[in-house]
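Q: Below is the file upload.csv, with CSV, C-alpha atoms.
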chain,number,residue,atom,x,y,z
R,259,MET,CA,38.7,95.5,141.3
R,260,ILE,CA,42.3,94.2,141.4
R,261,GLU,CA,42.4,95.3,145.0
R,262,ASP,CA,39.3,93.2,145.8
R,263,ALA,CA,40.8,90.2,144.1
R,264,ALA,CA,44.1,90.7,146.0
R,265,PHE,CA,42.2,90.9,149.3
R,266,TYR,CA,40.4,87.6,148.6
R,267,ILE,CA,43.6,85.9,147.5
R,268,PHE,CA,45.5,86.9,150.6
R,269,ALA,CA,42.6,86.3,152.9
R,270,GLY,CA,42.3,82.8,151.3
R,271,VAL,CA,46.0,82.1,151.8
R,272,SER,CA,45.7,83.1,155.4
R,273,LEU,CA,42.6,81.1,156.0
R,274,PHE,CA,43.7,77.9,154.3
R,275,SER,CA,47.1,78.1,156.0
R,276,ALA,CA,45.4,78.5,159.3
R,277,ILE,CA,43.2,75.5,158.7
R,278,ALA,CA,46.3,73.6,157.7
R,279,VAL,CA,47.9,74.6,161.1
R,280,VAL,CA,44.9,73.3,163.0
R,281,LEU,CA,44.5,70.1,161.0
R,282,SER,CA,48.1,69.1,160.4
R,283,LYS,CA,49.3,66.2,162.6
R,284,ASN,CA,52.9,67.0,161.9
R,285,ILE,CA,54.3,69.8,163.9
R,286,VAL,CA,56.8,71.0,161.3
R,287,ARG,CA,54.0,71.2,158.7
R,288,ALA,CA,51.9,73.2,161.2
R,289,ALA,CA,54.8,75.6,161.5
R,290,VAL,CA,55.1,76.1,157.8
R,291,GLY,CA,51.3,76.6,157.7
R,292,LEU,CA,51.8,79.3,160.3
R,293,LEU,CA,54.2,81.0,157.9
R,294,GLY,CA,51.5,81.2,155.3
R,295,THR,CA,49.0,82.6,157.8
R,296,LEU,CA,51.4,85.3,159.1
R,297,GLY,CA,52.5,86.2,155.6
R,298,GLY,CA,49.0,86.5,154.3
R,299,VAL,CA,47.9,88.7,157.2
R,300,ALA,CA,51.0,90.9,156.5
R,301,CYS,CA,49.9,91.2,152.8
R,302,LEU,CA,46.4,92.2,154.1
R,303,TYR,CA,48.0,94.9,156.2
R,304,PHE,CA,49.9,96.2,153.2
R,305,LEU,CA,46.7,96.2,151.2
R,306,ALA,CA,45.0,98.3,153.9
R,307,ASP,CA,47.9,100.8,153.7
R,308,ALA,CA,49.1,99.9,157.2
R,309,ASN,CA,52.7,99.7,156.1
R,310,LEU,CA,54.3,99.8,159.5
R,311,LEU,CA,52.1,97.1,160.8
R,312,GLY,CA,52.8,94.9,157.7
R,313,VAL,CA,56.5,95.4,158.1
R,314,ILE,CA,56.4,94.5,161.8
R,315,GLN,CA,54.2,91.5,161.0
R,316,LEU,CA,56.7,90.3,158.4
R,317,ILE,CA,59.9,91.0,160.3
R,318,VAL,CA,58.9,90.2,163.9
R,319,TYR,CA,56.3,87.5,163.4
R,320,ALA,CA,57.0,85.8,160.1
R,321,GLY,CA,60.7,86.4,160.4
R,322,GLY,CA,61.5,86.2,164.1
R,323,THR,CA,58.8,84.4,166.2
R,324,LEU,CA,58.3,81.7,163.6
R,325,ILE,CA,62.1,81.0,163.6
R,326,LEU,CA,61.9,80.7,167.4
R,327,ILE,CA,59.0,78.3,167.1
R,328,VAL,CA,60.9,76.2,164.5
R,329,PHE,CA,64.0,76.3,166.8
R,330,GLY,CA,61.7,75.1,169.6
R,331,ILE,CA,60.6,72.2,167.5
R,332,MET,CA,64.2,71.3,166.6
R,333,LEU,CA,65.2,71.5,170.2
R,334,THR,CA,62.5,69.1,171.4
R,335,SER,CA,61.5,66.8,168.6
R,336,GLN,CA,63.4,63.6,168.2
R,337,SER,CA,61.8,62.2,165.0
R,338,PRO,CA,60.4,63.8,161.9
R,339,TRP,CA,56.9,62.2,162.4
R,340,VAL,CA,56.5,63.0,166.0
R,341,GLY,CA,52.8,62.7,166.9
R,342,PHE,CA,50.9,65.8,167.7
R,343,LEU,CA,47.5,64.6,168.9
R,344,PRO,CA,45.9,66.8,171.6
R,345,THR,CA,44.3,65.1,174.5
R,346,LYS,CA,40.5,65.5,175.1
R,347,VAL,CA,41.0,68.1,177.9
R,348,GLN,CA,43.3,70.2,175.6
R,349,ALA,CA,40.8,70.0,172.8
R,350,ILE,CA,37.9,71.2,175.0
R,351,ALA,CA,40.0,74.0,176.5
R,352,ALA,CA,41.1,75.1,173.0
R,353,SER,CA,37.5,75.0,171.8
R,354,ILE,CA,36.3,77.2,174.7
R,355,VAL,CA,39.1,79.8,174.0
R,356,ALA,CA,38.3,79.8,170.3
R,357,VAL,CA,34.6,80.3,170.9
R,358,ILE,CA,35.3,83.2,173.3
R,359,LEU,CA,37.8,84.7,170.8
R,360,THR,CA,35.3,84.4,168.0
R,361,ILE,CA,32.5,86.1,170.0
R,362,GLY,CA,34.9,88.9,170.9
R,363,ILE,CA,36.0,89.5,167.3
R,364,VAL,CA,32.4,89.4,166.0
R,365,ARG,CA,31.3,91.9,168.6
R,366,LEU,CA,34.2,94.1,167.8
R,367,VAL,CA,33.5,94.0,164.1
R,368,THR,CA,29.8,94.8,164.6
R,369,LEU,CA,30.3,97.5,167.2
R,370,VAL,CA,32.9,99.6,165.3
R,371,PRO,CA,31.1,102.2,163.1
R,372,TRP,CA,33.1,101.4,160.0
R,373,ALA,CA,31.1,103.5,157.5
R,374,GLN,CA,31.4,106.7,159.6
R,375,ARG,CA,35.2,106.7,159.4
R,376,ASN,CA,36.7,108.9,156.8
R,377,PRO,CA,39.1,106.7,154.8
R,378,ASP,CA,41.5,109.6,154.0
R,379,GLU,CA,41.8,110.6,157.6
R,380,LEU,CA,42.3,107.0,158.7
R,381,SER,CA,45.1,106.3,156.2
R,382,GLN,CA,46.7,109.6,157.2
R,383,SER,CA,46.9,108.5,160.8
R,384,LEU,CA,48.4,105.2,159.8
R,385,THR,CA,51.4,106.5,157.8
R,386,VAL,CA,54.8,105.5,159.0
R,387,LYS,CA,55.8,109.2,159.1
R,388,SER,CA,53.2,110.2,161.6
R,389,ILE,CA,54.0,107.2,163.7
R,390,GLY,CA,57.7,108.1,163.6
R,391,ASP,CA,56.9,111.7,164.5
R,392,ALA,CA,54.8,110.5,167.5
R,393,LEU,CA,57.6,108.2,168.6
R,394,LEU,CA,60.1,111.0,168.7
R,395,THR,CA,57.8,113.6,170.3
R,396,THR,CA,54.7,112.6,172.3
R,397,TYR,CA,55.7,109.0,173.0
R,398,LEU,CA,59.5,109.5,173.3
R,399,VAL,CA,59.7,108.3,176.9
R,400,PRO,CA,57.7,105.0,176.3
R,401,PHE,CA,59.9,104.5,173.2
R,402,GLU,CA,63.1,104.7,175.2
R,403,VAL,CA,61.6,102.7,178.1
R,404,ALA,CA,60.9,100.0,175.5
R,405,SER,CA,64.6,99.6,174.9
R,406,VAL,CA,65.0,98.9,178.7
R,407,LEU,CA,62.2,96.3,178.4
R,408,LEU,CA,64.0,94.7,175.4
R,409,LEU,CA,67.2,94.7,177.5
R,410,VAL,CA,65.5,92.9,180.4
R,411,VAL,CA,64.0,90.4,177.9
R,412,MET,CA,67.3,89.7,176.2
R,413,ILE,CA,69.3,89.1,179.5
R,414,GLY,CA,66.5,87.3,181.2
R,415,ALA,CA,65.9,84.9,178.3
R,416,ALA,CA,69.5,84.2,177.8
R,417,TYR,CA,69.9,83.5,181.5
R,418,LEU,CA,67.0,81.1,181.5
R,419,ALA,CA,68.1,79.3,178.3
R,420,ARG,CA,71.8,79.1,179.3
R,421,THR,CA,73.6,75.8,179.3
R,422,GLU,CA,75.2,74.7,182.6
R,423,LYS,CA,78.7,73.9,181.6
D,234,MET,CA,45.9,102.8,140.5
D,235,ASP,CA,44.2,105.1,142.9
D,236,ARG,CA,46.0,103.9,146.0
D,237,PRO,CA,49.6,103.3,146.7
D,238,GLY,CA,48.8,99.9,148.1
D,239,LEU,CA,47.6,98.7,144.8
D,240,ALA,CA,50.7,99.9,142.9
D,241,LEU,CA,52.8,98.0,145.5
D,242,ILE,CA,50.8,94.8,145.0
D,243,VAL,CA,51.1,95.0,141.2
D,244,GLY,CA,54.8,95.8,141.5
D,245,LEU,CA,55.2,92.8,143.8
D,246,ILE,CA,53.4,90.5,141.4
D,247,ILE,CA,55.6,91.7,138.5
D,248,PHE,CA,58.6,91.1,140.7
D,249,ILE,CA,57.6,87.6,141.7
D,250,ILE,CA,56.8,86.6,138.0
D,251,ALA,CA,60.1,88.1,136.8
D,252,GLY,CA,61.9,86.2,139.6
D,253,ILE,CA,60.3,82.9,138.7
D,254,CYS,CA,61.1,83.5,135.0
D,255,MET,CA,64.8,84.2,135.8
D,256,ALA,CA,65.2,80.9,137.6
D,257,LEU,CA,63.1,79.0,135.0
D,258,VAL,CA,65.1,80.4,132.0
D,259,ALA,CA,68.4,79.5,133.7
D,260,LEU,CA,67.2,76.0,134.3
D,261,VAL,CA,65.8,75.5,130.8
D,262,ILE,CA,69.0,76.8,129.1
D,263,GLY,CA,71.1,74.5,131.4
D,264,LYS,CA,68.9,71.6,130.5
D,265,PHE,CA,69.8,71.9,126.8
D,266,LEU,CA,73.5,72.8,127.3
D,267,ARG,CA,74.7,70.4,129.9
D,268,THR,CA,75.8,66.8,129.4
D,269,SER,CA,74.0,64.0,131.3
D,270,LEU,CA,76.1,61.7,133.4
D,271,PRO,CA,73.9,60.3,136.2
D,272,HIS,CA,75.7,58.8,139.2
D,273,PRO,CA,74.2,57.6,142.6
D,274,GLU,CA,76.7,59.9,144.4
D,275,LYS,CA,75.2,62.9,142.8
D,276,ASP,CA,71.8,62.2,144.4
D,277,ALA,CA,73.4,62.3,147.9
D,278,ALA,CA,72.2,65.2,150.1
D,279,TYR,CA,75.8,66.5,150.3
D,280,GLU,CA,77.6,65.9,147.1
D,281,CYS,CA,80.9,67.4,148.2
D,282,GLY,CA,82.6,64.2,149.4
D,283,GLU,CA,81.6,64.3,153.1
D,284,PRO,CA,79.6,61.2,153.9
D,285,THR,CA,76.6,62.0,156.1
D,286,ILE,CA,76.5,60.6,159.6
D,287,GLY,CA,73.2,59.5,161.3
D,288,ASN,CA,69.8,61.2,161.1
D,289,SER,CA,69.3,64.9,160.4
D,290,TRP,CA,66.5,64.8,163.0
D,291,VAL,CA,68.7,65.1,166.0
D,292,GLN,CA,67.8,67.2,169.0
D,293,PHE,CA,69.5,70.5,168.5
D,294,ASP,CA,71.7,72.1,171.0
D,295,LEU,CA,70.1,74.6,173.4
D,296,ARG,CA,72.8,77.1,172.5
D,297,PHE,CA,71.1,77.7,169.2
D,298,TYR,CA,68.1,79.1,171.2
D,299,VAL,CA,70.1,81.8,172.9
D,300,VAL,CA,71.3,83.0,169.5
D,301,ALA,CA,67.7,82.9,168.2
D,302,LEU,CA,66.5,85.0,171.2
D,303,VAL,CA,69.2,87.6,170.7
D,304,PHE,CA,68.2,87.7,167.0
D,305,LEU,CA,64.6,88.3,167.9
D,306,ILE,CA,65.4,91.2,170.2
D,307,PHE,CA,67.4,92.9,167.4
D,308,ASP,CA,64.7,92.0,165.0
D,309,ILE,CA,62.2,94.0,167.1
D,310,GLU,CA,64.7,96.8,167.3
D,311,MET,CA,65.0,96.9,163.6
D,312,ALA,CA,61.2,97.1,163.2
D,313,LEU,CA,61.3,100.1,165.6
D,314,PHE,CA,64.1,101.7,163.5
D,315,TYR,CA,61.8,101.8,160.5
D,316,PRO,CA,59.5,104.7,161.6
D,317,TRP,CA,62.5,106.5,163.1
D,318,ALA,CA,64.4,106.3,159.8
D,319,VAL,CA,61.4,107.8,157.9
D,320,VAL,CA,61.4,110.9,160.1
D,321,TYR,CA,65.1,111.0,160.7
D,322,LYS,CA,65.8,113.9,158.3
D,323,ASP,CA,63.2,116.2,159.9
D,324,ALA,CA,64.1,115.2,163.5
D,325,GLY,CA,67.6,116.5,163.3
D,326,ILE,CA,70.4,115.9,165.9
D,327,ALA,CA,67.9,115.2,168.7
D,328,GLY,CA,66.4,112.3,166.7
D,329,LEU,CA,69.9,110.9,166.3
D,330,TRP,CA,70.6,111.0,170.1
D,331,ASP,CA,67.2,109.5,170.8
D,332,MET,CA,68.0,106.5,168.7
D,333,LEU,CA,71.6,106.3,169.9
D,334,PHE,CA,70.3,106.0,173.5
D,335,PHE,CA,67.8,103.3,172.4
D,336,PHE,CA,70.6,101.4,170.7
D,337,ALA,CA,73.1,101.9,173.5
D,338,VAL,CA,70.7,100.3,176.0
D,339,LEU,CA,70.5,97.2,173.8
D,340,VAL,CA,74.2,97.2,173.2
D,341,VAL,CA,74.6,97.0,177.0
D,342,GLY,CA,72.7,93.8,176.9
D,343,PHE,CA,74.6,92.4,174.0
D,344,ALA,CA,77.9,93.3,175.7
D,345,TYR,CA,76.7,91.5,178.9
D,346,LEU,CA,75.9,88.3,176.9
D,347,TRP,CA,79.2,88.5,175.1
D,348,LYS,CA,81.3,89.2,178.2
D,349,PHE,CA,79.7,86.4,180.3
D,350,GLY,CA,80.0,83.9,177.5
D,351,TYR,CA,76.4,83.3,176.6
D,352,LEU,CA,77.4,83.6,172.9
D,353,ASP,CA,80.5,81.3,173.2
D,354,TRP,CA,80.0,77.9,171.6
D,355,VAL,CA,82.0,76.2,174.3
D,356,ARG,CA,81.1,78.1,177.4
D,357,ALA,CA,84.0,79.4,179.4
D,358,THR,CA,84.4,78.0,182.9
D,359,HIS,CA,85.6,80.2,185.7
D,360,GLY,CA,89.2,81.2,185.7
D,361,GLN,CA,89.8,79.8,182.2
D,362,ARG,CA,91.7,82.1,179.8
D,363,PRO,CA,90.2,82.7,176.4
D,364,SER,CA,93.2,81.1,174.7
D,365,ASN,CA,92.6,77.8,176.6
D,366,ARG,CA,88.9,77.9,175.6
D,367,LYS,CA,89.7,77.7,171.9
D,368,ILE,CA,92.1,74.7,172.4
D,369,SER,CA,89.5,72.8,174.5
D,370,ALA,CA,86.9,73.4,171.8
D,371,ASP,CA,89.3,72.1,169.2
D,372,ASP,CA,90.0,69.0,171.4
D,373,ALA,CA,86.3,68.3,171.7
D,374,MET,CA,85.9,68.5,168.0
D,375,GLY,CA,88.9,66.3,167.4
D,376,ARG,CA,87.6,63.7,169.9
D,377,ALA,CA,84.2,63.7,168.2
D,378,ALA,CA,85.8,63.3,164.8
D,379,ARG,CA,87.9,60.4,166.0
D,380,GLY,CA,84.8,58.8,167.5
D,381,TRP,CA,83.0,58.8,164.2
D,382,GLN,CA,85.7,56.8,162.5
Once you've parsed the file, please lay out its structure as structure tokens.
A:
Amino acid sequence: MIEDAAFYIFAGVSLFSAIAVVLSKNIVRAAVGLLGTLGGVACLYFLADANLLGVIQLIVYAGGTLILIVFGIMLTSQSPWVGFLPTKVQAIAASIVAVILTIGIVRLVTLVPWAQRNPDELSQSLTVKSIGDALLTTYLVPFEVASVLLLVVMIGAAYLARTEK
Amino acid sequence: MDRPGLALIVGLIIFIIAGICMALVALVIGKFLRTSLPHPEKDAAYECGEPTIGNSWVQFDLRFYVVALVFLIFDIEMALFYPWAVVYKDAGIAGLWDMLFFFAVLVVGFAYLWKFGYLDWVRATHGQRPSNRKISADDAMGRAARGWQ
């Protein structure tokens, strides 16, 4: 009962924040709306017992990527009320992408046999402990290779963003 | 209370309400206890004596972006530490070495950025000694401060 109410609250927060992102003319307000969307989705993850996914959503997306987006705004925008009106071509391209994405998500939701899944088995496979075990045994090599990937990203990004002085 | 997620949500709601009440109680008590001496200076954005210069909507320095990128990398690393930390007790010494290797690879990148001056505010030019760098930064600050007057 409370769980259902919490689901609708967090889903509503995500949805209305997402609408605010789309409709806002001000790029800073759009970024703040994105914070609501990402945070709401993280709460939905927690509600579904997907703790690791929720933590990653909060730390990496709401905490890290959003800060990078705000930094990008601060690096480029010269005035607080910088216009953010898409051109006609951009609007059409964005609409096409949104329609394709919607069709894909709807197909995914209808194709997955949700009722056949055993909830206990599902939540067992999602626990942080089992993911940690898998990271240190079966997927140890990809896990360590991921550190090399992060190293490449760190040095490459810093090299591209460096200042010539 | 059949699932741990629900207990978490209820706990979070209690935590949020308690947090809001703490701030509200402090503000309400302060409202009754403090004297009221309004002054236009008190409405300034920075009340501590430093007059503000120009607009706050300036274009930020690109060097902030490098710091943000490094932050994001270690952010992702922290997220990957979480499942490792949960199983650390059972994984034993091998788990420790696994994570130390993971961490060491990232420290190599951090050391590279540090060594080659990506994190310096005033980037070192070739052949310059670190001690000179500090002085030149100070000079730039001094020049800027004199320019404002």
Q: May I have the protein, DNA and RNA residues with an atom at most 10 Å from (57.5, 97.6, 160.7), counting only C-alpha atoms in the file's coordinates, returned as a list in words?
A: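 Looking at atoms near the point gives Ala308, Asn309, Leu310, Leu311, Gly312, Val313, Ile314, Gln315, Leu316, Ile317, Val318 and Val386 of chain R; Ile309, Glu310, Met311, Ala312, Leu313, Phe314, Tyr315 and Pro316 of chain D.
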Q: Tell me which of R:Leu273, R:Val280, R:Leu409, R:Val299 sits closest to chain D, counting only C-alpha atoms.
A: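 For chain D, the nearest of the candidates is R:Leu409.
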Q: Determine the nearest neighbour of Asp294 of chain D from the options R:Leu408, R:Ile277, R:Leu333, R:Leu324, counting all atoms listed in the file.
A: R:Leu333
Q: Kindly give the distance, in Å, that separates atom CA of Gly321 of chain R and atom CA of Val355 of chain R, rounded to a single decimal.
A: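 Separating atom CA of Gly321 of chain R from atom CA of Val355 of chain R is a distance of 26.4 Å.
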Q: For a quick test of understanding: name the residues of chain D lying within 6 Å of chain R when counting only C-alpha atoms, and present them as a PyMOL selection string.
A: chain D and resi 238+290-293+299+305+309+312+316-317+319-320+335+339+342
Q: Please report the interatomic distance between atom CA of Trp330 of chain D and atom CA of Leu302 of chain D in Å with one decimal.
A: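 Separation between atom CA of Trp330 of chain D and atom CA of Leu302 of chain D: 26.3 Å.
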Q: Rounded to one decimal in Å, what is the spacing between atom CA of Gly252 of chain D and atom CA of Phe304 of chain D?
A: 28.2 Å
Q: May I ask which of the residues R:Ala320, R:Val328, R:Ile267, R:Val364 is the closest one to Phe297 of chain D, counting all atoms listed in the file?
A: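 Of R:Ala320, R:Val328, R:Ile267, R:Val364, the one nearest Phe297 of chain D is R:Val328, counting all atoms listed in the file.
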Q: Take segment 262-274 of chain D, bring it up to N, CA and C atoms, and give me the output as a compact mmCIF listing (two decimals), in the frame of the given file.
A:
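Output file out.txt follows:
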# COMPACT_ATOMS: atom_id res chain seq x y z
N ILE D 262 67.79 76.67 129.96
CA ILE D 262 69.00 76.80 129.10
C ILE D 262 70.01 75.72 129.57
N GLY D 263 70.16 75.54 130.89
CA GLY D 263 71.10 74.50 131.40
C GLY D 263 70.70 73.14 130.95
N LYS D 264 69.39 72.87 130.91
CA LYS D 264 68.90 71.60 130.50
C LYS D 264 69.37 71.20 129.09
N PHE D 265 69.43 72.21 128.20
CA PHE D 265 69.80 71.90 126.80
C PHE D 265 71.33 71.93 126.66
N LEU D 266 72.05 72.65 127.49
CA LEU D 266 73.50 72.80 127.30
C LEU D 266 74.31 71.73 127.95
N ARG D 267 73.85 71.22 129.13
CA ARG D 267 74.70 70.40 129.90
C ARG D 267 74.70 68.92 129.38
N THR D 268 75.78 68.20 129.68
CA THR D 268 75.80 66.80 129.40
C THR D 268 75.13 66.04 130.53
N SER D 269 74.70 64.80 130.26
CA SER D 269 74.00 64.00 131.30
C SER D 269 74.78 62.81 131.67
N LEU D 270 75.35 62.84 132.88
CA LEU D 270 76.10 61.70 133.40
C LEU D 270 75.59 61.36 134.77
N PRO D 271 74.50 60.59 134.87
CA PRO D 271 73.90 60.30 136.20
C PRO D 271 74.85 59.38 137.01
N HIS D 272 74.88 59.60 138.29
CA HIS D 272 75.70 58.80 139.20
C HIS D 272 74.98 58.82 140.58
N PRO D 273 74.93 57.67 141.26
CA PRO D 273 74.20 57.60 142.60
C PRO D 273 74.78 58.65 143.57
N GLU D 274 76.10 58.93 143.50
CA GLU D 274 76.70 59.90 144.40
C GLU D 274 76.11 61.27 144.25
